Amino acid sequence: MNESFTLAGLTFRNRVLVASGTFGYGDEVLGLVDVNALGGIVTKSLSMKPRDGNPAPRITETASGMLNSIGLANIGVQKFIEEKIPKLSLISCAVIANIAASSIEEYCAVLEALDSFEVIAGFEINVSCPNVKEGGLSFGTDKTKVVLITKELRRRTKKPLIIKLTPNVTHISEFARAVESEGADAVSVINTLIGMAIDIRTHKTKLSTVTGGLSGPAIKPVAIAKVYEVYRAVKIPILGIGGITSWEDAIEFLLAGASAIQVGTYNFVDPSAGAKIAAGIKLFCEQQSISDVGELVGAVQAERKLSVIESWL
Ligand code: RRO
């Protein structure tokens with residue numbers, strides 16, 4: 001049974017990765033979790049300079065999910081190179097560096113700082129952070145800017161270039177098409193949805209920044225619809241993300257059109273979830289006499305005439 005997946009020359013052991021922002025820089029869990037059972041690790045978003053992020057409170061639980069407003073807290077690319085890369089060189093699953101920035105120049109500088117390190121197998125470009133004033137959604141909701149970022153980064157690396165899209169737009173498929181035509185190798189679908197929660201006794205918002213990004217099982221049906229929409233629009237692979245907690249969830253994403261999936265919020269419940277999900281997918285395929293997990297990708301049987309998405313494409 002073939003579990004592997006190849007993206008622009010990079011082979012992942014299996015189709016389960018852990019999502020940016022939910023697994024640190026990958027090194028913290030070594031010794032606790034068998035990271036080599038994963039297809040890959042996506043690092044917390046890296047910017048040029050270290051960032052403290054937003055003031056507390058910056059996380060609050062919601063029905064079947066959570067809201068976050070971390071605000072891109074990260075150690076900065078230099079410290080990542082000095083302290084994390086040596087440890088990451090010891091693991092065998094693919095390490096994808098996620099990059100976020102507040103200008104096109106900064107995206108380029110962070111990518112160039114990392115490109116020569118062999119352990120960095122590829123890049124996921126975050127144009128979709130909902131919690132920063134500069135960059136983030138102001139880029140991710142503007143197709144011209146997303147196109148420019150993709151074009152500039154494509155010129156600077158031969159490694160797989162994955163653009164992580166926001167669902168906070170009218171038609172995510174238009175953004176997927178735009179980055180595909182600029183040479184992106186894949187898209188990650190989806191980052192968090194803008195949400196808000198209020199304490200009814202104090203009348204205060206539960207997050208310091210008023211709104212935050214909603215993740216967890218609450219967003220899974222939204223994410224699956226976005227994956228399905230993007231799958232109908234582009235040929236490049238999709239990394240599906242949004243509320244995955246089980247191998248059954250993962251298979252639903254594959255059927256909708258994801259070539260691989262990322263486990264996000266559920267890592268906070270069980271950091272071994274990704275490894276368990278990969279094992280569950282393998283067993284399911286063996287039981288179903290499926291010889292390659294790829295056979296499931298896009299295999300949903302959907303009545304297209306009845307789908308509202310078709311009219312957007
Ligand atoms: O750090 C964050 O606040 C954050 C980021 Br960079 C992101 O891409 N998505 C999110 O929900 N939070």
# chains A, B, ... in the order shown; residues from 1 in each chain; ligands from 1

call {"tool": "closest_atom_pairs", "arguments": {"of": "chain A", "to": "ligand 1", "cutoff": "9 Å", "atoms": "only C-alpha atoms and all ligand atoms", "output": "JSON lines"}}
result
{"residue": "A:Ser20", "atom": "CA", "partner": "ligand 1", "partner_atom_place_in_ligand_line": "8 (O)", "distance": 7.5}
{"residue": "A:Gly21", "atom": "CA", "partner": "ligand 1", "partner_atom_place_in_ligand_line": "5 (C)", "distance": 6.9}
{"residue": "A:Lys44", "atom": "CA", "partner": "ligand 1", "partner_atom_place_in_ligand_line": "6 (Br)", "distance": 7.5}
{"residue": "A:Ser45", "atom": "CA", "partner": "ligand 1", "partner_atom_place_in_ligand_line": "6 (Br)", "distance": 5.7}
{"residue": "A:Leu46", "atom": "CA", "partner": "ligand 1", "partner_atom_place_in_ligand_line": "6 (Br)", "distance": 8.5}
{"residue": "A:Gly53", "atom": "CA", "partner": "ligand 1", "partner_atom_place_in_ligand_line": "1 (O)", "distance": 7.2}
{"residue": "A:Asn54", "atom": "CA", "partner": "ligand 1", "partner_atom_place_in_ligand_line": "3 (O)", "distance": 7.8}
{"residue": "A:Arg58", "atom": "CA", "partner": "ligand 1", "partner_atom_place_in_ligand_line": "3 (O)", "distance": 8.3}
{"residue": "A:Leu67", "atom": "CA", "partner": "ligand 1", "partner_atom_place_in_ligand_line": "11 (O)", "distance": 7.6}
{"residue": "A:Asn68", "atom": "CA", "partner": "ligand 1", "partner_atom_place_in_ligand_line": "11 (O)", "distance": 5.8}
{"residue": "A:Ser69", "atom": "CA", "partner": "ligand 1", "partner_atom_place_in_ligand_line": "3 (O)", "distance": 4.3}
{"residue": "A:Ile70", "atom": "CA", "partner": "ligand 1", "partner_atom_place_in_ligand_line": "3 (O)", "distance": 3.5}
{"residue": "A:Gly71", "atom": "CA", "partner": "ligand 1", "partner_atom_place_in_ligand_line": "3 (O)", "distance": 3.7}
{"residue": "A:Leu72", "atom": "CA", "partner": "ligand 1", "partner_atom_place_in_ligand_line": "1 (O)", "distance": 3.4}
{"residue": "A:Ala73", "atom": "CA", "partner": "ligand 1", "partner_atom_place_in_ligand_line": "1 (O)", "distance": 5.9}
{"residue": "A:Asn74", "atom": "CA", "partner": "ligand 1", "partner_atom_place_in_ligand_line": "1 (O)", "distance": 8.3}
{"residue": "A:Ile99", "atom": "CA", "partner": "ligand 1", "partner_atom_place_in_ligand_line": "6 (Br)", "distance": 8.8}
{"residue": "A:Ala100", "atom": "CA", "partner": "ligand 1", "partner_atom_place_in_ligand_line": "6 (Br)", "distance": 6.7}
{"residue": "A:Asn126", "atom": "CA", "partner": "ligand 1", "partner_atom_place_in_ligand_line": "8 (O)", "distance": 6.0}
{"residue": "A:Val127", "atom": "CA", "partner": "ligand 1", "partner_atom_place_in_ligand_line": "8 (O)", "distance": 7.6}
{"residue": "A:Ser128", "atom": "CA", "partner": "ligand 1", "partner_atom_place_in_ligand_line": "8 (O)", "distance": 5.5}
{"residue": "A:Cys129", "atom": "CA", "partner": "ligand 1", "partner_atom_place_in_ligand_line": "8 (O)", "distance": 3.6}
{"residue": "A:Pro130", "atom": "CA", "partner": "ligand 1", "partner_atom_place_in_ligand_line": "10 (C)", "distance": 5.8}
{"residue": "A:Asn131", "atom": "CA", "partner": "ligand 1", "partner_atom_place_in_ligand_line": "3 (O)", "distance": 4.8}
{"residue": "A:Val132", "atom": "CA", "partner": "ligand 1", "partner_atom_place_in_ligand_line": "3 (O)", "distance": 7.0}
{"residue": "A:Gly136", "atom": "CA", "partner": "ligand 1", "partner_atom_place_in_ligand_line": "8 (O)", "distance": 7.5}
{"residue": "A:Lys164", "atom": "CA", "partner": "ligand 1", "partner_atom_place_in_ligand_line": "8 (O)", "distance": 8.4}
{"residue": "A:Thr166", "atom": "CA", "partner": "ligand 1", "partner_atom_place_in_ligand_line": "8 (O)", "distance": 8.7}
{"residue": "A:Asn191", "atom": "CA", "partner": "ligand 1", "partner_atom_place_in_ligand_line": "9 (N)", "distance": 5.8}
{"residue": "A:Thr192", "atom": "CA", "partner": "ligand 1", "partner_atom_place_in_ligand_line": "11 (O)", "distance": 4.8}
{"residue": "A:Leu193", "atom": "CA", "partner": "ligand 1", "partner_atom_place_in_ligand_line": "11 (O)", "distance": 7.6}
{"residue": "A:Ile194", "atom": "CA", "partner": "ligand 1", "partner_atom_place_in_ligand_line": "11 (O)", "distance": 8.3}
{"residue": "A:Gly212", "atom": "CA", "partner": "ligand 1", "partner_atom_place_in_ligand_line": "11 (O)", "distance": 6.9}
{"residue": "A:Gly213", "atom": "CA", "partner": "ligand 1", "partner_atom_place_in_ligand_line": "11 (O)", "distance": 4.2}
{"residue": "A:Leu214", "atom": "CA", "partner": "ligand 1", "partner_atom_place_in_ligand_line": "11 (O)", "distance": 6.7}
{"residue": "A:Ser215", "atom": "CA", "partner": "ligand 1", "partner_atom_place_in_ligand_line": "11 (O)", "distance": 7.1}

call {"tool": "select_by_dssp", "arguments": {"residues": "region 132-258 of chain A", "states": "helix (DSSP H, G or I)", "output": "PyMOL selection string"}}
result
chain A and resi 137-140+143-156+172-181+217-233+247-256

call {"tool": "atom_distance", "arguments": {"atom1": "CA of Glu28 (chain A)", "atom2": "CA of Thr43 (chain A)"}}
result
11.2 Å

call {"tool": "residues_around", "arguments": {"residues": "region 7-18 of chain A", "least_positions_apart": "3", "cutoff": "6 Å", "atoms": "only C-alpha atoms", "output": "PDB file with C-alpha atoms, in the first residue's frame"}}
result
ATOM      1  CA  GLU A   3       1.102   6.042   1.429  1.00  0.00           C
ATOM      2  CA  SER A   4       3.622   8.473  -0.032  1.00  0.00           C
ATOM      3  CA  LEU A  38       4.427  12.020   9.958  1.00  0.00           C
ATOM      4  CA  GLY A  39       4.599  13.053   6.338  1.00  0.00           C
ATOM      5  CA  GLY A  40       5.857  16.447   7.384  1.00  0.00           C
ATOM      6  CA  ILE A  41       6.011  19.285   9.878  1.00  0.00           C
ATOM      7  CA  VAL A  42       5.094  22.858   9.029  1.00  0.00           C
ATOM      8  CA  PRO A 160       8.290  23.379  -3.332  1.00  0.00           C
ATOM      9  CA  ALA A 260      -2.551  15.639   1.702  1.00  0.00           C
ATOM     10  CA  ILE A 261      -3.860  17.027   4.977  1.00  0.00           C
ATOM     11  CA  GLN A 262      -2.584  18.983   7.941  1.00  0.00           C
ATOM     12  CA  VAL A 263      -3.665  18.397  11.520  1.00  0.00           C
ATOM     13  CA  ALA A 278      -1.595   8.351   9.304  1.00  0.00           C
TER      14      ALA A 278
END

call {"tool": "closest_residue", "arguments": {"among": "A:Cys93, A:Ala113, A:Ile162, A:Leu88", "to": "Ser47 (chain A)", "atoms": "only C-alpha atoms"}}
result
A:Ala113

call {"tool": "closest_residue", "arguments": {"among": "A:Ser259, A:Ser307, A:Ser103, A:Asn168", "to": "Phe5 (chain A)", "atoms": "only C-alpha atoms"}}
result
A:Ser259

call {"tool": "residues_around", "arguments": {"residues": "Ser89 (chain A)", "least_positions_apart": "5", "cutoff": "10 Å", "atoms": "only C-alpha atoms", "output": "list in words"}}
result
Asp27, Lys84, Val95, Phe117, Glu118, Val119 and Ile120 of chain A

call {"tool": "write_last_selection", "arguments": {"atoms": "N, CA and C atoms", "output": "mmCIF file, in the first residue's frame"}}
result
data_model
loop_
_atom_site.group_PDB
_atom_site.id
_atom_site.type_symbol
_atom_site.label_atom_id
_atom_site.label_comp_id
_atom_site.auth_asym_id
_atom_site.auth_seq_id
_atom_site.Cartn_x
_atom_site.Cartn_y
_atom_site.Cartn_z
ATOM 1 N N ASP A 27 10.887 20.917 16.972
ATOM 2 C CA ASP A 27 11.918 20.325 17.845
ATOM 3 C C ASP A 27 11.410 20.091 19.269
ATOM 4 N N LYS A 84 17.152 26.027 15.947
ATOM 5 C CA LYS A 84 16.189 24.979 15.570
ATOM 6 C C LYS A 84 16.708 24.094 14.431
ATOM 7 N N VAL A 95 10.467 18.879 6.554
ATOM 8 C CA VAL A 95 10.228 20.110 7.317
ATOM 9 C C VAL A 95 9.921 21.237 6.330
ATOM 10 N N PHE A 117 19.438 25.848 3.310
ATOM 11 C CA PHE A 117 19.522 24.768 4.306
ATOM 12 C C PHE A 117 18.812 23.524 3.789
ATOM 13 N N GLU A 118 19.578 22.440 3.728
ATOM 14 C CA GLU A 118 19.038 21.204 3.151
ATOM 15 C C GLU A 118 17.811 20.697 3.910
ATOM 16 N N VAL A 119 17.818 20.898 5.220
ATOM 17 C CA VAL A 119 16.715 20.363 6.037
ATOM 18 C C VAL A 119 15.375 21.055 5.725
ATOM 19 N N ILE A 120 15.432 22.241 5.200
ATOM 20 C CA ILE A 120 14.184 22.919 4.808
ATOM 21 C C ILE A 120 13.780 22.375 3.438
#

call {"tool": "select_by_dssp", "arguments": {"residues": "region 45-169 of chain A", "states": "strand (DSSP E)", "output": "mmCIF file with C-alpha atoms, in the first residue's frame"}}
result
data_model
loop_
_atom_site.group_PDB
_atom_site.id
_atom_site.type_symbol
_atom_site.label_atom_id
_atom_site.label_comp_id
_atom_site.auth_asym_id
_atom_site.auth_seq_id
_atom_site.Cartn_x
_atom_site.Cartn_y
_atom_site.Cartn_z
ATOM 1 C CA ILE A 59 -6.783 32.273 22.986
ATOM 2 C CA THR A 60 -10.354 31.386 23.910
ATOM 3 C CA GLU A 61 -12.279 28.143 23.570
ATOM 4 C CA THR A 62 -15.504 28.111 21.542
ATOM 5 C CA GLY A 65 -13.164 24.965 18.356
ATOM 6 C CA MET A 66 -11.040 27.854 19.485
ATOM 7 C CA LEU A 67 -10.317 31.454 18.612
ATOM 8 C CA ASN A 68 -6.721 32.637 18.516
ATOM 9 C CA ALA A 94 9.888 16.707 5.643
ATOM 10 C CA VAL A 95 10.228 20.110 7.317
ATOM 11 C CA ILE A 96 8.316 22.908 5.622
ATOM 12 C CA ALA A 97 9.162 26.438 6.747
ATOM 13 C CA ASN A 98 6.127 28.694 6.988
ATOM 14 C CA ILE A 99 6.889 32.349 6.263
ATOM 15 C CA ILE A 120 14.184 22.919 4.808
ATOM 16 C CA ALA A 121 12.335 20.814 2.249
ATOM 17 C CA GLY A 122 9.972 23.520 1.067
ATOM 18 C CA PHE A 123 8.067 26.662 1.937
ATOM 19 C CA GLU A 124 4.509 27.409 2.941
ATOM 20 C CA ILE A 125 3.753 31.083 2.470
ATOM 21 C CA ASN A 126 1.291 32.546 4.914
ATOM 22 C CA LEU A 161 6.348 26.624 -2.886
ATOM 23 C CA ILE A 162 2.985 26.265 -1.169
ATOM 24 C CA ILE A 163 0.673 29.248 -0.695
ATOM 25 C CA LYS A 164 -1.617 29.112 2.345
#

call {"tool": "residues_around", "arguments": {"residues": "Asp249 (chain A)", "least_positions_apart": "6", "cutoff": "9 Å", "atoms": "only C-alpha atoms", "output": "PyMOL selection string"}}
result
chain A and resi 220+243+277

call {"tool": "decode", "arguments": {"residues": "region 34-71 of chain A", "atoms": "N, CA and C atoms", "output": "mmCIF file, in the first residue's frame"}}
result
data_model
loop_
_atom_site.group_PDB
_atom_site.id
_atom_site.type_symbol
_atom_site.label_atom_id
_atom_site.label_comp_id
_atom_site.auth_asym_id
_atom_site.auth_seq_id
_atom_site.Cartn_x
_atom_site.Cartn_y
_atom_site.Cartn_z
ATOM 1 N N ASP A 34 6.632 10.593 17.908
ATOM 2 C CA ASP A 34 7.438 10.037 16.816
ATOM 3 C C ASP A 34 7.171 10.847 15.551
ATOM 4 N N VAL A 35 7.931 11.927 15.380
ATOM 5 C CA VAL A 35 7.678 12.816 14.238
ATOM 6 C C VAL A 35 7.969 12.126 12.907
ATOM 7 N N ASN A 36 8.785 11.074 12.958
ATOM 8 C CA ASN A 36 9.103 10.377 11.704
ATOM 9 C C ASN A 36 7.936 9.529 11.197
ATOM 10 N N ALA A 37 6.868 9.440 12.003
ATOM 11 C CA ALA A 37 5.643 8.771 11.536
ATOM 12 C C ALA A 37 4.775 9.742 10.737
ATOM 13 N N LEU A 38 5.198 11.004 10.693
ATOM 14 C CA LEU A 38 4.427 12.020 9.958
ATOM 15 C C LEU A 38 4.978 12.188 8.546
ATOM 16 N N GLY A 39 4.115 12.677 7.669
ATOM 17 C CA GLY A 39 4.599 13.053 6.338
ATOM 18 C C GLY A 39 5.454 14.299 6.417
ATOM 19 N N GLY A 40 5.086 15.211 7.278
ATOM 20 C CA GLY A 40 5.857 16.447 7.384
ATOM 21 C C GLY A 40 5.400 17.330 8.530
ATOM 22 N N ILE A 41 6.284 18.297 8.831
ATOM 23 C CA ILE A 41 6.011 19.285 9.878
ATOM 24 C C ILE A 41 6.046 20.658 9.220
ATOM 25 N N VAL A 42 5.039 21.471 9.488
ATOM 26 C CA VAL A 42 5.094 22.858 9.029
ATOM 27 C C VAL A 42 5.375 23.723 10.256
ATOM 28 N N THR A 43 6.409 24.538 10.173
ATOM 29 C CA THR A 43 6.823 25.332 11.346
ATOM 30 C C THR A 43 5.840 26.469 11.621
ATOM 31 N N LYS A 44 5.900 26.994 12.838
ATOM 32 C CA LYS A 44 5.219 28.259 13.120
ATOM 33 C C LYS A 44 5.725 29.295 12.115
ATOM 34 N N SER A 45 4.856 30.231 11.726
ATOM 35 C CA SER A 45 5.253 31.268 10.770
ATOM 36 C C SER A 45 6.487 32.000 11.267
ATOM 37 N N LEU A 46 7.432 32.192 10.370
ATOM 38 C CA LEU A 46 8.671 32.910 10.691
ATOM 39 C C LEU A 46 8.678 34.262 10.003
ATOM 40 N N SER A 47 9.069 35.274 10.745
ATOM 41 C CA SER A 47 9.269 36.597 10.158
ATOM 42 C C SER A 47 10.753 36.938 10.264
ATOM 43 N N MET A 48 11.161 38.063 9.715
ATOM 44 C CA MET A 48 12.584 38.415 9.736
ATOM 45 C C MET A 48 13.050 38.640 11.171
ATOM 46 N N LYS A 49 12.344 39.513 11.879
ATOM 47 C CA LYS A 49 12.721 39.830 13.267
ATOM 48 C C LYS A 49 11.824 39.049 14.229
ATOM 49 N N PRO A 50 12.290 38.792 15.448
ATOM 50 C CA PRO A 50 11.405 38.136 16.427
ATOM 51 C C PRO A 50 10.185 39.013 16.706
ATOM 52 N N ARG A 51 9.069 38.389 17.039
ATOM 53 C CA ARG A 51 7.843 39.139 17.367
ATOM 54 C C ARG A 51 7.244 38.579 18.652
ATOM 55 N N ASP A 52 6.792 39.478 19.526
ATOM 56 C CA ASP A 52 6.151 39.047 20.776
ATOM 57 C C ASP A 52 4.703 38.624 20.559
ATOM 58 N N GLY A 53 4.107 39.100 19.503
ATOM 59 C CA GLY A 53 2.700 38.790 19.254
ATOM 60 C C GLY A 53 1.775 39.763 19.962
ATOM 61 N N ASN A 54 0.493 39.422 19.988
ATOM 62 C CA ASN A 54 -0.533 40.313 20.550
ATOM 63 C C ASN A 54 -0.616 40.172 22.066
ATOM 64 N N PRO A 55 -1.171 41.211 22.753
ATOM 65 C CA PRO A 55 -1.340 41.087 24.206
ATOM 66 C C PRO A 55 -2.382 40.015 24.564
ATOM 67 N N ALA A 56 -2.279 39.465 25.795
ATOM 68 C CA ALA A 56 -3.269 38.493 26.276
ATOM 69 C C ALA A 56 -4.580 39.237 26.583
ATOM 70 N N PRO A 57 -5.719 38.566 26.584
ATOM 71 C CA PRO A 57 -5.909 37.168 26.210
ATOM 72 C C PRO A 57 -5.876 36.978 24.700
ATOM 73 N N ARG A 58 -5.202 35.902 24.307
ATOM 74 C CA ARG A 58 -5.094 35.677 22.861
ATOM 75 C C ARG A 58 -5.534 34.284 22.424
ATOM 76 N N ILE A 59 -6.151 33.555 23.352
ATOM 77 C CA ILE A 59 -6.783 32.273 22.986
ATOM 78 C C ILE A 59 -8.071 32.145 23.795
ATOM 79 N N THR A 60 -9.137 31.689 23.162
ATOM 80 C CA THR A 60 -10.354 31.386 23.910
ATOM 81 C C THR A 60 -11.069 30.208 23.255
ATOM 82 N N GLU A 61 -11.604 29.328 24.111
ATOM 83 C CA GLU A 61 -12.279 28.143 23.570
ATOM 84 C C GLU A 61 -13.687 28.522 23.115
ATOM 85 N N THR A 62 -14.142 27.888 22.045
ATOM 86 C CA THR A 62 -15.504 28.111 21.542
ATOM 87 C C THR A 62 -16.142 26.741 21.303
ATOM 88 N N ALA A 63 -17.405 26.733 20.901
ATOM 89 C CA ALA A 63 -18.076 25.448 20.665
ATOM 90 C C ALA A 63 -17.331 24.684 19.571
ATOM 91 N N SER A 64 -16.826 23.515 19.900
ATOM 92 C CA SER A 64 -16.090 22.666 18.957
ATOM 93 C C SER A 64 -14.927 23.375 18.279
ATOM 94 N N GLY A 65 -14.303 24.303 18.988
ATOM 95 C CA GLY A 65 -13.164 24.965 18.356
ATOM 96 C C GLY A 65 -12.502 25.961 19.280
ATOM 97 N N MET A 66 -11.685 26.799 18.705
ATOM 98 C CA MET A 66 -11.040 27.854 19.485
ATOM 99 C C MET A 66 -10.788 29.079 18.607
ATOM 100 N N LEU A 67 -10.697 30.220 19.286
ATOM 101 C CA LEU A 67 -10.317 31.454 18.612
ATOM 102 C C LEU A 67 -8.910 31.799 19.066
ATOM 103 N N ASN A 68 -8.053 32.191 18.109
ATOM 104 C CA ASN A 68 -6.721 32.637 18.516
ATOM 105 C C ASN A 68 -6.428 33.992 17.920
ATOM 106 N N SER A 69 -5.611 34.721 18.677
ATOM 107 C CA SER A 69 -5.077 35.977 18.170
ATOM 108 C C SER A 69 -3.627 36.084 18.617
ATOM 109 N N ILE A 70 -2.830 35.129 18.178
ATOM 110 C CA ILE A 70 -1.428 35.062 18.610
ATOM 111 C C ILE A 70 -0.651 36.265 18.067
ATOM 112 N N GLY A 71 -0.972 36.666 16.863
ATOM 113 C CA GLY A 71 -0.314 37.848 16.301
ATOM 114 C C GLY A 71 1.096 37.579 15.828
#
